[in-house]
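Student: This is work15.cif, which holds mmCIF, C-alpha atoms:
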```cif
data_my_file
#
loop_
_atom_site.group_PDB
_atom_site.id
_atom_site.type_symbol
_atom_site.label_atom_id
_atom_site.label_comp_id
_atom_site.auth_asym_id
_atom_site.auth_seq_id
_atom_site.Cartn_x
_atom_site.Cartn_y
_atom_site.Cartn_z
ATOM 1 C CA MET V 1 36.282 108.865 217.920
ATOM 2 C CA THR V 2 36.647 111.080 214.860
ATOM 3 C CA HIS V 3 40.285 110.026 214.550
ATOM 4 C CA ILE V 4 39.323 106.346 214.627
ATOM 5 C CA CYS V 5 36.666 106.859 211.946
ATOM 6 C CA ARG V 6 39.172 108.617 209.709
ATOM 7 C CA ARG V 7 41.646 105.726 210.066
ATOM 8 C CA ILE V 8 38.928 103.205 209.193
ATOM 9 C CA ILE V 9 37.980 105.251 206.115
ATOM 10 C CA ASP V 10 41.647 105.570 205.061
ATOM 11 C CA VAL V 11 42.209 101.800 205.363
ATOM 12 C CA ASN V 12 39.106 101.052 203.299
ATOM 13 C CA VAL V 13 40.154 103.570 200.639
ATOM 14 C CA TRP V 14 43.628 102.040 200.320
ATOM 15 C CA ARG V 15 42.134 98.572 200.080
ATOM 16 C CA LEU V 16 39.890 99.759 197.269
ATOM 17 C CA VAL V 17 42.821 101.377 195.455
ATOM 18 C CA GLY V 18 44.822 98.175 195.790
ATOM 19 C CA ARG V 19 42.004 96.107 194.347
ATOM 20 C CA VAL V 20 41.582 98.496 191.413
ATOM 21 C CA ALA V 21 45.309 98.302 190.650
ATOM 22 C CA PHE V 22 45.202 94.498 190.886
ATOM 23 C CA PHE V 23 42.309 94.199 188.442
ATOM 24 C CA ARG V 24 43.980 96.689 186.078
ATOM 25 C CA ARG V 25 47.071 94.459 185.928
ATOM 26 C CA ILE V 26 44.888 91.422 185.207
ATOM 27 C CA PHE V 27 43.018 93.292 182.450
ATOM 28 C CA ARG V 28 46.295 94.469 180.882
ATOM 29 C CA PHE V 29 47.714 90.935 180.914
ATOM 30 C CA LEU V 30 44.566 89.484 179.278
ATOM 31 C CA TRP V 31 44.513 92.238 176.661
ATOM 32 C CA GLU V 32 48.128 91.523 175.737
ATOM 33 C CA ARG V 33 47.360 87.810 175.408
ATOM 34 C CA ILE V 34 44.424 88.653 173.090
ATOM 35 C CA LEU V 35 46.762 90.740 170.916
ATOM 36 C CA VAL V 36 49.294 87.925 170.771
ATOM 37 C CA CYS V 37 46.674 85.371 169.707
ATOM 38 C CA SER V 38 45.145 87.663 167.072
ATOM 39 C CA SER V 39 48.310 89.110 165.511
ATOM 40 C CA GLY V 40 51.113 86.744 166.479
ATOM 41 C CA LYS V 41 53.105 89.667 167.887
ATOM 42 C CA ASP V 42 53.872 90.233 171.533
ATOM 43 C CA PRO V 43 53.325 93.950 172.401
ATOM 44 C CA ARG V 44 55.711 93.676 175.357
ATOM 45 C CA TYR V 45 58.672 93.144 173.047
ATOM 46 C CA ARG V 46 57.802 94.986 169.854
ATOM 47 C CA ARG V 47 59.766 98.048 170.984
ATOM 48 C CA LEU V 48 63.097 96.303 171.401
ATOM 49 C CA PRO V 49 65.975 98.395 170.019
ATOM 50 C CA PRO V 50 66.296 97.816 166.231
ATOM 51 C CA LEU V 51 69.396 96.450 164.574
ATOM 52 C CA ASP V 52 71.524 98.896 162.656
ATOM 53 C CA SER V 53 70.015 99.085 159.169
ATOM 54 C CA SER V 54 73.358 98.726 157.417
ATOM 55 C CA LEU V 55 73.598 95.140 158.656
ATOM 56 C CA ALA V 56 69.943 94.270 159.238
ATOM 57 C CA GLU V 57 69.007 94.898 155.607
ATOM 58 C CA GLN V 58 72.175 93.489 154.099
ATOM 59 C CA LYS V 59 71.475 90.822 151.467
ATOM 60 C CA SER V 60 73.773 88.387 149.763
ATOM 61 C CA VAL V 61 74.378 89.337 146.135
ATOM 62 C CA PRO V 62 76.440 87.540 143.518
ATOM 63 C CA ASP V 63 80.087 88.573 143.583
ATOM 64 C CA LYS V 64 81.213 88.678 139.962
ATOM 65 C CA SER V 65 84.584 90.263 140.631
ATOM 66 C CA GLY V 66 86.187 87.171 142.166
ATOM 67 C CA GLU V 67 88.016 89.409 144.644
ATOM 68 C CA ALA V 68 88.831 88.403 148.208
ATOM 69 C CA PRO V 69 85.951 89.073 150.607
ATOM 70 C CA ARG V 70 85.845 92.351 152.470
ATOM 71 C CA VAL V 71 84.448 93.124 155.882
ATOM 72 C CA PRO V 72 83.662 96.518 157.469
ATOM 73 C CA GLU V 73 86.720 97.820 159.329
ATOM 74 C CA SER V 74 84.550 98.837 162.283
ATOM 75 C CA ILE V 75 84.205 95.207 163.413
ATOM 76 C CA LEU V 76 87.761 94.022 162.778
ATOM 77 C CA LEU V 77 89.677 93.069 165.917
ATOM 78 C CA ASP V 78 93.215 94.223 166.519
ATOM 79 C CA VAL V 79 94.361 90.671 167.285
ATOM 80 C CA ASP V 80 97.245 88.771 165.718
ATOM 81 C CA LEU V 81 96.790 84.991 165.938
ATOM 82 C CA ASP V 82 100.027 83.013 165.577
ATOM 83 C CA GLY V 83 101.801 86.085 164.237
ATOM 84 C CA ASP V 84 99.757 86.091 161.012
ATOM 85 C CA SER V 85 99.296 89.730 160.103
ATOM 86 C CA ASP V 86 97.205 88.872 157.016
ATOM 87 C CA MET V 87 94.487 87.139 159.029
ATOM 88 C CA VAL V 88 91.055 88.740 159.453
ATOM 89 C CA VAL V 89 89.890 88.247 163.044
ATOM 90 C CA LEU V 90 86.205 88.631 163.932
ATOM 91 C CA LYS V 91 84.572 88.349 167.335
ATOM 92 C CA ILE V 92 81.459 86.209 167.870
ATOM 93 C CA SER V 93 79.554 86.286 171.186
ATOM 94 C CA LEU V 94 77.421 83.467 172.614
ATOM 95 C CA LEU V 95 74.846 84.446 175.246
ATOM 96 C CA GLY V 96 72.164 82.501 177.104
ATOM 97 C CA ASP V 97 71.194 80.797 180.347
ATOM 98 C CA CYS V 98 73.125 78.004 182.054
ATOM 99 C CA GLN V 99 73.003 74.399 180.839
ATOM 100 C CA ILE V 100 71.538 75.129 177.413
ATOM 101 C CA GLY V 101 74.428 73.738 175.356
ATOM 102 C CA LYS V 102 76.383 76.867 174.375
ATOM 103 C CA THR V 103 79.793 75.318 175.052
ATOM 104 C CA SER V 104 78.840 72.076 173.292
ATOM 105 C CA PHE V 105 77.656 74.116 170.311
ATOM 106 C CA MET V 106 80.928 76.058 170.187
ATOM 107 C CA THR V 107 83.067 72.927 170.636
ATOM 108 C CA LYS V 108 81.231 71.128 167.834
ATOM 109 C CA TYR V 109 81.963 74.003 165.453
ATOM 110 C CA VAL V 110 85.592 74.543 166.457
ATOM 111 C CA GLY V 111 86.347 70.810 166.238
ATOM 112 C CA ASN V 112 90.032 69.890 166.101
ATOM 113 C CA ASP V 113 91.090 73.524 166.597
ATOM 114 C CA GLU V 114 89.796 73.425 170.173
ATOM 115 C CA GLU V 115 93.022 72.066 171.717
ATOM 116 C CA GLN V 116 95.202 74.653 169.986
ATOM 117 C CA ASN V 117 93.133 77.798 170.558
ATOM 118 C CA TYR V 118 91.311 77.459 173.872
ATOM 119 C CA LEU V 119 91.102 79.743 176.888
ATOM 120 C CA GLN V 120 88.815 79.398 179.900
ATOM 121 C CA MET V 121 88.282 81.598 182.926
ATOM 122 C CA THR V 122 85.508 81.989 185.458
ATOM 123 C CA GLY V 123 82.261 82.403 183.529
ATOM 124 C CA LEU V 124 83.961 82.930 180.160
ATOM 125 C CA THR V 125 85.294 80.522 177.531
ATOM 126 C CA LEU V 126 87.181 81.612 174.406
ATOM 127 C CA MET V 127 87.874 79.514 171.321
ATOM 128 C CA ASP V 128 89.202 80.339 167.858
ATOM 129 C CA LYS V 129 88.208 78.846 164.527
ATOM 130 C CA VAL V 130 90.491 79.550 161.583
ATOM 131 C CA PHE V 131 89.380 78.959 157.979
ATOM 132 C CA SER V 132 89.894 80.383 154.484
ATOM 133 C CA VAL V 133 87.538 82.122 152.087
ATOM 134 C CA ARG V 134 88.850 82.733 148.564
ATOM 135 C CA GLY V 135 92.427 82.737 149.736
ATOM 136 C CA THR V 136 91.799 85.000 152.748
ATOM 137 C CA LYS V 137 92.459 83.551 156.207
ATOM 138 C CA ILE V 138 89.658 84.310 158.654
ATOM 139 C CA ALA V 139 89.528 83.624 162.381
ATOM 140 C CA PHE V 140 86.334 83.631 164.414
ATOM 141 C CA ASN V 141 87.217 84.582 167.990
ATOM 142 C CA ILE V 142 84.245 83.017 169.850
ATOM 143 C CA TRP V 143 83.308 84.219 173.352
ATOM 144 C CA ASP V 144 81.004 81.972 175.401
ATOM 145 C CA VAL V 145 79.531 83.802 178.416
ATOM 146 C CA GLY V 146 78.429 81.674 181.367
ATOM 147 C CA GLY V 147 74.704 81.898 182.033
ATOM 148 C CA ASP V 148 75.256 83.042 185.630
ATOM 149 C CA GLN V 149 78.051 85.491 184.789
ATOM 150 C CA ARG V 150 76.229 88.372 183.127
ATOM 151 C CA PHE V 151 78.880 90.872 184.194
ATOM 152 C CA HIS V 152 80.950 89.481 181.276
ATOM 153 C CA VAL V 153 78.383 90.706 178.739
ATOM 154 C CA PRO V 154 80.006 94.130 178.151
ATOM 155 C CA ILE V 155 83.451 92.757 177.330
ATOM 156 C CA ALA V 156 82.024 89.840 175.339
ATOM 157 C CA CYS V 157 79.725 91.971 173.194
ATOM 158 C CA LYS V 158 81.929 95.001 172.614
ATOM 159 C CA ASP V 159 83.234 94.999 169.006
ATOM 160 C CA ALA V 160 81.479 91.702 168.235
ATOM 161 C CA ALA V 161 80.545 91.104 164.596
ATOM 162 C CA ALA V 162 77.695 88.753 165.519
ATOM 163 C CA ILE V 163 75.819 87.979 168.739
ATOM 164 C CA LEU V 164 74.227 84.559 169.131
ATOM 165 C CA ILE V 165 71.363 84.545 171.640
ATOM 166 C CA MET V 166 70.777 80.920 172.608
ATOM 167 C CA PHE V 167 68.049 79.003 174.448
ATOM 168 C CA ASP V 168 67.109 75.396 175.190
ATOM 169 C CA LEU V 169 64.198 74.260 173.021
ATOM 170 C CA THR V 170 62.993 71.989 175.816
ATOM 171 C CA SER V 171 63.027 74.739 178.472
ATOM 172 C CA ARG V 172 60.497 77.548 177.993
ATOM 173 C CA CYS V 173 62.084 79.724 180.692
ATOM 174 C CA THR V 174 65.382 79.905 178.772
ATOM 175 C CA LEU V 175 63.460 81.217 175.761
ATOM 176 C CA ASN V 176 61.833 83.865 177.946
ATOM 177 C CA SER V 177 65.306 84.886 179.158
ATOM 178 C CA ALA V 178 66.519 85.378 175.586
ATOM 179 C CA VAL V 179 64.875 88.800 175.367
ATOM 180 C CA GLU V 180 66.769 90.088 178.409
ATOM 181 C CA TRP V 181 70.051 88.702 177.056
ATOM 182 C CA TYR V 182 69.366 90.576 173.824
ATOM 183 C CA ARG V 183 68.623 93.823 175.648
ATOM 184 C CA GLN V 184 71.838 93.585 177.643
ATOM 185 C CA ALA V 185 73.858 92.847 174.513
ATOM 186 C CA ARG V 186 72.407 95.826 172.651
ATOM 187 C CA LYS V 187 73.514 98.173 175.422
ATOM 188 C CA TRP V 188 77.107 97.476 174.374
ATOM 189 C CA ASN V 189 76.763 96.730 170.679
ATOM 190 C CA GLN V 190 74.168 98.202 168.325
ATOM 191 C CA THR V 191 75.536 96.878 165.020
ATOM 192 C CA ALA V 192 76.350 93.179 165.482
ATOM 193 C CA ILE V 193 74.324 90.638 163.506
ATOM 194 C CA PRO V 194 71.788 89.064 165.924
ATOM 195 C CA ILE V 195 70.923 85.372 165.651
ATOM 196 C CA LEU V 196 68.436 83.528 167.879
ATOM 197 C CA ILE V 197 69.370 79.854 168.283
ATOM 198 C CA GLY V 198 67.343 77.055 169.842
ATOM 199 C CA THR V 199 69.560 74.197 171.020
ATOM 200 C CA LYS V 200 68.894 70.492 171.730
ATOM 201 C CA PHE V 201 66.653 69.991 168.711
ATOM 202 C CA ASP V 202 67.117 66.225 169.056
ATOM 203 C CA ASP V 203 65.328 66.379 172.437
ATOM 204 C CA PHE V 204 62.812 68.948 171.217
ATOM 205 C CA VAL V 205 61.283 66.604 168.624
ATOM 206 C CA GLN V 206 60.430 64.139 171.424
ATOM 207 C CA ILE V 207 58.007 66.501 173.188
ATOM 208 C CA PRO V 208 54.287 66.702 172.224
ATOM 209 C CA VAL V 209 53.553 68.435 168.928
ATOM 210 C CA HIS V 210 51.286 71.073 170.475
ATOM 211 C CA LEU V 211 54.158 72.156 172.732
ATOM 212 C CA GLN V 212 56.476 72.269 169.730
ATOM 213 C CA TRP V 213 54.022 74.581 167.977
ATOM 214 C CA ALA V 214 53.825 76.869 171.007
ATOM 215 C CA ILE V 215 57.617 77.158 171.279
ATOM 216 C CA VAL V 216 58.035 77.716 167.539
ATOM 217 C CA ARG V 217 55.455 80.536 167.570
ATOM 218 C CA GLN V 218 57.025 82.212 170.590
ATOM 219 C CA ALA V 219 60.553 81.897 169.197
ATOM 220 C CA ARG V 220 59.479 83.423 165.876
ATOM 221 C CA VAL V 221 57.841 86.361 167.678
ATOM 222 C CA TYR V 222 61.022 87.003 169.658
ATOM 223 C CA ALA V 223 63.220 86.650 166.568
ATOM 224 C CA ARG V 224 61.147 89.259 164.728
ATOM 225 C CA ALA V 225 61.346 91.597 167.728
ATOM 226 C CA MET V 226 65.134 91.212 167.729
ATOM 227 C CA ASN V 227 65.289 91.498 163.929
ATOM 228 C CA ALA V 228 67.232 88.242 164.114
ATOM 229 C CA THR V 229 67.438 85.076 162.052
ATOM 230 C CA LEU V 230 66.073 82.033 163.915
ATOM 231 C CA PHE V 231 67.805 78.649 163.817
ATOM 232 C CA PHE V 232 66.997 75.394 165.604
ATOM 233 C CA SER V 233 70.144 73.326 166.162
ATOM 234 C CA SER V 234 71.652 70.273 167.813
ATOM 235 C CA ALA V 235 75.306 70.000 168.764
ATOM 236 C CA THR V 236 74.909 66.260 169.406
ATOM 237 C CA HIS V 237 73.851 65.547 165.818
ATOM 238 C CA ASN V 238 75.592 68.581 164.253
ATOM 239 C CA ILE V 239 72.307 70.061 163.017
ATOM 240 C CA ASN V 240 72.672 73.619 161.648
ATOM 241 C CA VAL V 241 75.887 74.242 163.628
ATOM 242 C CA ASN V 242 78.182 74.794 160.640
ATOM 243 C CA LYS V 243 75.324 76.323 158.659
ATOM 244 C CA ILE V 244 74.899 79.085 161.252
ATOM 245 C CA PHE V 245 78.535 80.135 160.985
ATOM 246 C CA LYS V 246 78.410 79.913 157.180
ATOM 247 C CA PHE V 247 75.410 82.247 157.339
ATOM 248 C CA ILE V 248 77.384 84.682 159.518
ATOM 249 C CA THR V 249 80.321 84.572 157.096
ATOM 250 C CA ALA V 250 78.078 85.209 154.107
ATOM 251 C CA LYS V 251 76.407 88.152 155.836
ATOM 252 C CA LEU V 252 79.667 89.737 156.954
ATOM 253 C CA PHE V 253 81.436 89.395 153.606
ATOM 254 C CA ASN V 254 78.364 89.834 151.409
ATOM 255 C CA LEU V 255 78.913 86.436 149.789
ATOM 256 C CA PRO V 256 76.373 84.846 147.408
ATOM 257 C CA TRP V 257 75.064 82.215 149.827
ATOM 258 C CA THR V 258 71.657 82.086 151.427
ATOM 259 C CA VAL V 259 69.888 79.597 153.682
ATOM 260 C CA GLN V 260 66.542 78.083 152.784
ATOM 261 C CA ARG V 261 63.655 78.998 155.038
ATOM 262 C CA ASN V 262 62.071 76.034 156.836
ATOM 263 C CA LEU V 263 58.959 76.288 159.026
ATOM 264 C CA THR V 264 58.008 72.609 159.037
ATOM 265 C CA ILE V 265 57.279 71.201 162.487
ATOM 266 C CA GLY V 266 59.479 68.186 163.170
ATOM 267 C CA GLU V 267 62.347 69.653 161.147
ATOM 268 C CA PRO V 268 64.993 72.168 162.300
ATOM 269 C CA ILE V 269 63.352 75.575 161.906
ATOM 270 C CA ILE V 270 65.076 78.352 159.967
ATOM 271 C CA ASP V 271 63.217 81.649 159.828
ATOM 272 C CA TYR V 272 64.255 85.144 158.699
#
```
As C-alpha cells, please, write out the structure in this file.

Tutor:
Amino acid sequence: MTHICRRIIDVNVWRLVGRVAFFRRIFRFLWERILVCSSGKDPRYRRLPPLDSSLAEQKSVPDKSGEAPRVPESILLDVDLDGDSDMVVLKISLLGDCQIGKTSFMTKYVGNDEEQNYLQMTGLTLMDKVFSVRGTKIAFNIWDVGGDQRFHVPIACKDAAAILIMFDLTSRCTLNSAVEWYRQARKWNQTAIPILIGTKFDDFVQIPVHLQWAIVRQARVYARAMNATLFFSSATHNINVNKIFKFITAKLFNLPWTVQRNLTIGEPIIDY
C-alpha cells in the first residue's frame, strides 16, 4: 500500500514539473515577442557570430591614385581560368533553401558567359563571370549550393570572398531558414562579406501590404544580426541583380561606389 501511494505521489509530482516547464516555455516565448515588438530586435538572434571587423566596417572611399584595384590576398583563389595568370579570381557562395531562385539569380548575372563557364554536379552548380575593372581582369567563381545539400556548405564557403544568404520573399519559412544558413556558413568562413537577399520581388509586391511590412521588418532584424546588407531582388525583371555584384566588387576593392538606401514599401528594399 505504501509503495502504491509513493508511485501515485511521484506521478503527480512529475506531472506538476512538466506543467511548470510548459508554462515557462510559453512565458519565455511571449517575453521574446514583447521585446521584438518594443525594440525591433529579436533576442534569439542577437548573439550571432559577428563579421570580421576588417570587412564589416570597410567603407568605400574615393581612389585618387587611379591605380588598379587591389584585393586582400587572403581571399584570392589559386585558380587559373583559360590560362590567364593575370586574372584575379574570387569565390562567391550562394546559400538558401530549395526553389527560391538562386540558380535563376546566378544565371541572370552570368548571362552569355553561362555556356562557356558552367559546371553542375549533384547539389552544386558553379559558374564564372569575367569582367574588367580599370584594366584588371576579375573573375567571380560563383558556387550555388542546393537547398537540400547542406553537406556542400564547407567546400562552398571555404575561402569565399562573399556569402549570399538568399530567401524567397513570398515564403516566410525560407526567411526563417536564412539564420541557420548563416550560422553554418560562419563555421567555415569568418571573414567573407555577408549579404542577405530576398528573391522574387515581382511576386512579393502582389501580396497584402501588411504582410510586406512584416517580412521587411523581420528581414531587417536578421540582416542586422548577421551584420549584412539587405537587398530585395528579382531575377525575372533583373532588379538589383547586377547592383548586388557591383556592391560586392566595390567592397572588395574599396572602390568609390555606394548604393542608396531604400526602405520604401512597394520598392526593392536596400538596407545597410

Student: I need the residue set behind the PyMOL selection byres ((chain V and resi 122) around 10) for this file; please write it as an mmCIF file with C-alpha atoms, in the coordinates of the input.

Tutor:
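File written: selection36.cif
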```cif
data_model
loop_
_atom_site.group_PDB
_atom_site.id
_atom_site.type_symbol
_atom_site.label_atom_id
_atom_site.label_comp_id
_atom_site.auth_asym_id
_atom_site.auth_seq_id
_atom_site.Cartn_x
_atom_site.Cartn_y
_atom_site.Cartn_z
ATOM 1 C CA GLN V 120 88.815 79.398 179.900
ATOM 2 C CA MET V 121 88.282 81.598 182.926
ATOM 3 C CA GLY V 123 82.261 82.403 183.529
ATOM 4 C CA LEU V 124 83.961 82.930 180.160
ATOM 5 C CA THR V 125 85.294 80.522 177.531
ATOM 6 C CA VAL V 145 79.531 83.802 178.416
ATOM 7 C CA GLY V 146 78.429 81.674 181.367
ATOM 8 C CA GLN V 149 78.051 85.491 184.789
ATOM 9 C CA HIS V 152 80.950 89.481 181.276
#
```

Student: Counting all atoms listed in the file, which of V:Trp188, V:Phe167, V:Trp143, V:Tyr182 gets nearest to Gln99 of chain V?

Tutor: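 So, comparing all the options, the nearest one is V:Phe167.
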
Student: Work out how far atom CA of Phe245 of chain V is from atom CA of Val221 of chain V, in Å to one decimal.

Tutor: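 Going from atom CA of Val221 of chain V over to atom CA of Phe245 of chain V, I get 22.6 Å.
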
Student: Find the residues near segment 137-140 of chain V: any atom within 6 Å, counting only C-alpha atoms, skip ones fewer than 3 places away on the same chain, and give them as a PDB file with C-alpha atoms, in the frame of the given file.

Tutor:
```
ATOM      1  CA  MET V  87      94.487  87.139 159.029  1.00  0.00           C
ATOM      2  CA  VAL V  88      91.055  88.740 159.453  1.00  0.00           C
ATOM      3  CA  VAL V  89      89.890  88.247 163.044  1.00  0.00           C
ATOM      4  CA  LEU V  90      86.205  88.631 163.932  1.00  0.00           C
ATOM      5  CA  LYS V  91      84.572  88.349 167.335  1.00  0.00           C
ATOM      6  CA  ASP V 128      89.202  80.339 167.858  1.00  0.00           C
ATOM      7  CA  LYS V 129      88.208  78.846 164.527  1.00  0.00           C
ATOM      8  CA  VAL V 130      90.491  79.550 161.583  1.00  0.00           C
ATOM      9  CA  PHE V 131      89.380  78.959 157.979  1.00  0.00           C
ATOM     10  CA  SER V 132      89.894  80.383 154.484  1.00  0.00           C
TER      11      SER V 132
END
```

Student: Can you pull out every residue within 10 Å of Gly198 of chain V, counting all atoms listed in the file, but drop anything in the same chain fewer than 5 positions away, and send it as JSON, numbers by chain?

Tutor: {"V": [100, 101, 165, 166, 167, 168, 169, 170, 171, 174, 175, 204, 215, 216, 219, 230, 231, 232, 233, 234, 268, 269]}

Student: Please enumerate the residues selected by the PyMOL selection byres ((chain V and resi 237) around 10) when evaluated against the supplied file, formatted as a ChimeraX atom specification.

Tutor: /V:108,200-202,233-236,238-241

Student: With distances taken over only C-alpha atoms, which of V:Asp97, V:Asp86, V:Asp159, V:Glu267 is nearest to Arg172 of chain V?

Tutor: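 Smallest separation from Arg172 of chain V among the options: V:Asp97.
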
Student: Let me know the centre plus edge lengths, in Å and rounded to one decimal, of a box with edges along x, y and z that contains all listed atoms of segment 206-219 of chain V and is padded by 4 Å on every side, as lines of an AutoDock Vina configuration file.

Tutor:
```
center_x = 55.9
center_y = 73.2
center_z = 170.4
size_x = 17.3
size_y = 26.1
size_z = 13.6
```

Student: Expressed in Å to a single decimal, how great is the separation between atom CA of Val133 of chain V and atom CA of Gly96 of chain V?

Tutor: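 Atom CA of Val133 of chain V sits 29.4 Å away from atom CA of Gly96 of chain V.
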
Student: Could you tell me how far atom CA of Glu180 of chain V lies from atom CA of Leu95 of chain V, in Å and to one decimal?

Tutor: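 Separating atom CA of Glu180 of chain V from atom CA of Leu95 of chain V is a distance of 10.3 Å.
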
Student: Show me, as an mmCIF file with C-alpha atoms, keeping the file's coordinate frame, the residues that have an atom within 12 Å of Ala185 of chain V when counting all atoms listed in the file, minus same-chain residues fewer than 3 positions from it.

Tutor:
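Dumped to result.cif:
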```cif
data_model
loop_
_atom_site.group_PDB
_atom_site.id
_atom_site.type_symbol
_atom_site.label_atom_id
_atom_site.label_comp_id
_atom_site.auth_asym_id
_atom_site.auth_seq_id
_atom_site.Cartn_x
_atom_site.Cartn_y
_atom_site.Cartn_z
ATOM 1 C CA LEU V 48 63.097 96.303 171.401
ATOM 2 C CA PRO V 49 65.975 98.395 170.019
ATOM 3 C CA LEU V 51 69.396 96.450 164.574
ATOM 4 C CA SER V 93 79.554 86.286 171.186
ATOM 5 C CA LEU V 94 77.421 83.467 172.614
ATOM 6 C CA LEU V 95 74.846 84.446 175.246
ATOM 7 C CA GLY V 96 72.164 82.501 177.104
ATOM 8 C CA VAL V 145 79.531 83.802 178.416
ATOM 9 C CA ARG V 150 76.229 88.372 183.127
ATOM 10 C CA PHE V 151 78.880 90.872 184.194
ATOM 11 C CA HIS V 152 80.950 89.481 181.276
ATOM 12 C CA VAL V 153 78.383 90.706 178.739
ATOM 13 C CA PRO V 154 80.006 94.130 178.151
ATOM 14 C CA ILE V 155 83.451 92.757 177.330
ATOM 15 C CA ALA V 156 82.024 89.840 175.339
ATOM 16 C CA CYS V 157 79.725 91.971 173.194
ATOM 17 C CA LYS V 158 81.929 95.001 172.614
ATOM 18 C CA ASP V 159 83.234 94.999 169.006
ATOM 19 C CA ALA V 160 81.479 91.702 168.235
ATOM 20 C CA ALA V 162 77.695 88.753 165.519
ATOM 21 C CA ILE V 163 75.819 87.979 168.739
ATOM 22 C CA LEU V 164 74.227 84.559 169.131
ATOM 23 C CA ILE V 165 71.363 84.545 171.640
ATOM 24 C CA ALA V 178 66.519 85.378 175.586
ATOM 25 C CA VAL V 179 64.875 88.800 175.367
ATOM 26 C CA GLU V 180 66.769 90.088 178.409
ATOM 27 C CA TRP V 181 70.051 88.702 177.056
ATOM 28 C CA TYR V 182 69.366 90.576 173.824
ATOM 29 C CA TRP V 188 77.107 97.476 174.374
ATOM 30 C CA ASN V 189 76.763 96.730 170.679
ATOM 31 C CA GLN V 190 74.168 98.202 168.325
ATOM 32 C CA THR V 191 75.536 96.878 165.020
ATOM 33 C CA ALA V 192 76.350 93.179 165.482
ATOM 34 C CA ILE V 193 74.324 90.638 163.506
ATOM 35 C CA PRO V 194 71.788 89.064 165.924
ATOM 36 C CA ILE V 195 70.923 85.372 165.651
ATOM 37 C CA MET V 226 65.134 91.212 167.729
#
```

Student: Measuring between only C-alpha atoms, which one of V:Leu196, V:Ile265, V:Ala214, V:Ala161 shows the shortest distance to Thr249 of chain V?

Tutor: V:Ala161

Student: May I ask which of the residues V:Lys187, V:Thr136, V:Gly266, V:Phe253 is the closest one to Gln206 of chain V, counting only C-alpha atoms?

Tutor: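 Smallest separation from Gln206 of chain V among the options: V:Gly266.
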
Student: For this file, the PyMOL selection byres ((chain V and resi 259) around 12) selects which residues, as a PDB file with C-alpha atoms, in the coordinates of the input?

Tutor:
```
ATOM      1  CA  LYS V  59      71.475  90.822 151.467  1.00  0.00           C
ATOM      2  CA  SER V  60      73.773  88.387 149.763  1.00  0.00           C
ATOM      3  CA  THR V 229      67.438  85.076 162.052  1.00  0.00           C
ATOM      4  CA  LEU V 230      66.073  82.033 163.915  1.00  0.00           C
ATOM      5  CA  PHE V 231      67.805  78.649 163.817  1.00  0.00           C
ATOM      6  CA  ASN V 240      72.672  73.619 161.648  1.00  0.00           C
ATOM      7  CA  ASN V 242      78.182  74.794 160.640  1.00  0.00           C
ATOM      8  CA  LYS V 243      75.324  76.323 158.659  1.00  0.00           C
ATOM      9  CA  ILE V 244      74.899  79.085 161.252  1.00  0.00           C
ATOM     10  CA  PHE V 245      78.535  80.135 160.985  1.00  0.00           C
ATOM     11  CA  LYS V 246      78.410  79.913 157.180  1.00  0.00           C
ATOM     12  CA  PHE V 247      75.410  82.247 157.339  1.00  0.00           C
ATOM     13  CA  ILE V 248      77.384  84.682 159.518  1.00  0.00           C
ATOM     14  CA  ALA V 250      78.078  85.209 154.107  1.00  0.00           C
ATOM     15  CA  LYS V 251      76.407  88.152 155.836  1.00  0.00           C
ATOM     16  CA  LEU V 255      78.913  86.436 149.789  1.00  0.00           C
ATOM     17  CA  PRO V 256      76.373  84.846 147.408  1.00  0.00           C
ATOM     18  CA  TRP V 257      75.064  82.215 149.827  1.00  0.00           C
ATOM     19  CA  THR V 258      71.657  82.086 151.427  1.00  0.00           C
ATOM     20  CA  GLN V 260      66.542  78.083 152.784  1.00  0.00           C
ATOM     21  CA  ARG V 261      63.655  78.998 155.038  1.00  0.00           C
ATOM     22  CA  ASN V 262      62.071  76.034 156.836  1.00  0.00           C
ATOM     23  CA  ILE V 269      63.352  75.575 161.906  1.00  0.00           C
ATOM     24  CA  ILE V 270      65.076  78.352 159.967  1.00  0.00           C
ATOM     25  CA  ASP V 271      63.217  81.649 159.828  1.00  0.00           C
ATOM     26  CA  TYR V 272      64.255  85.144 158.699  1.00  0.00           C
TER      27      TYR V 272
END
```
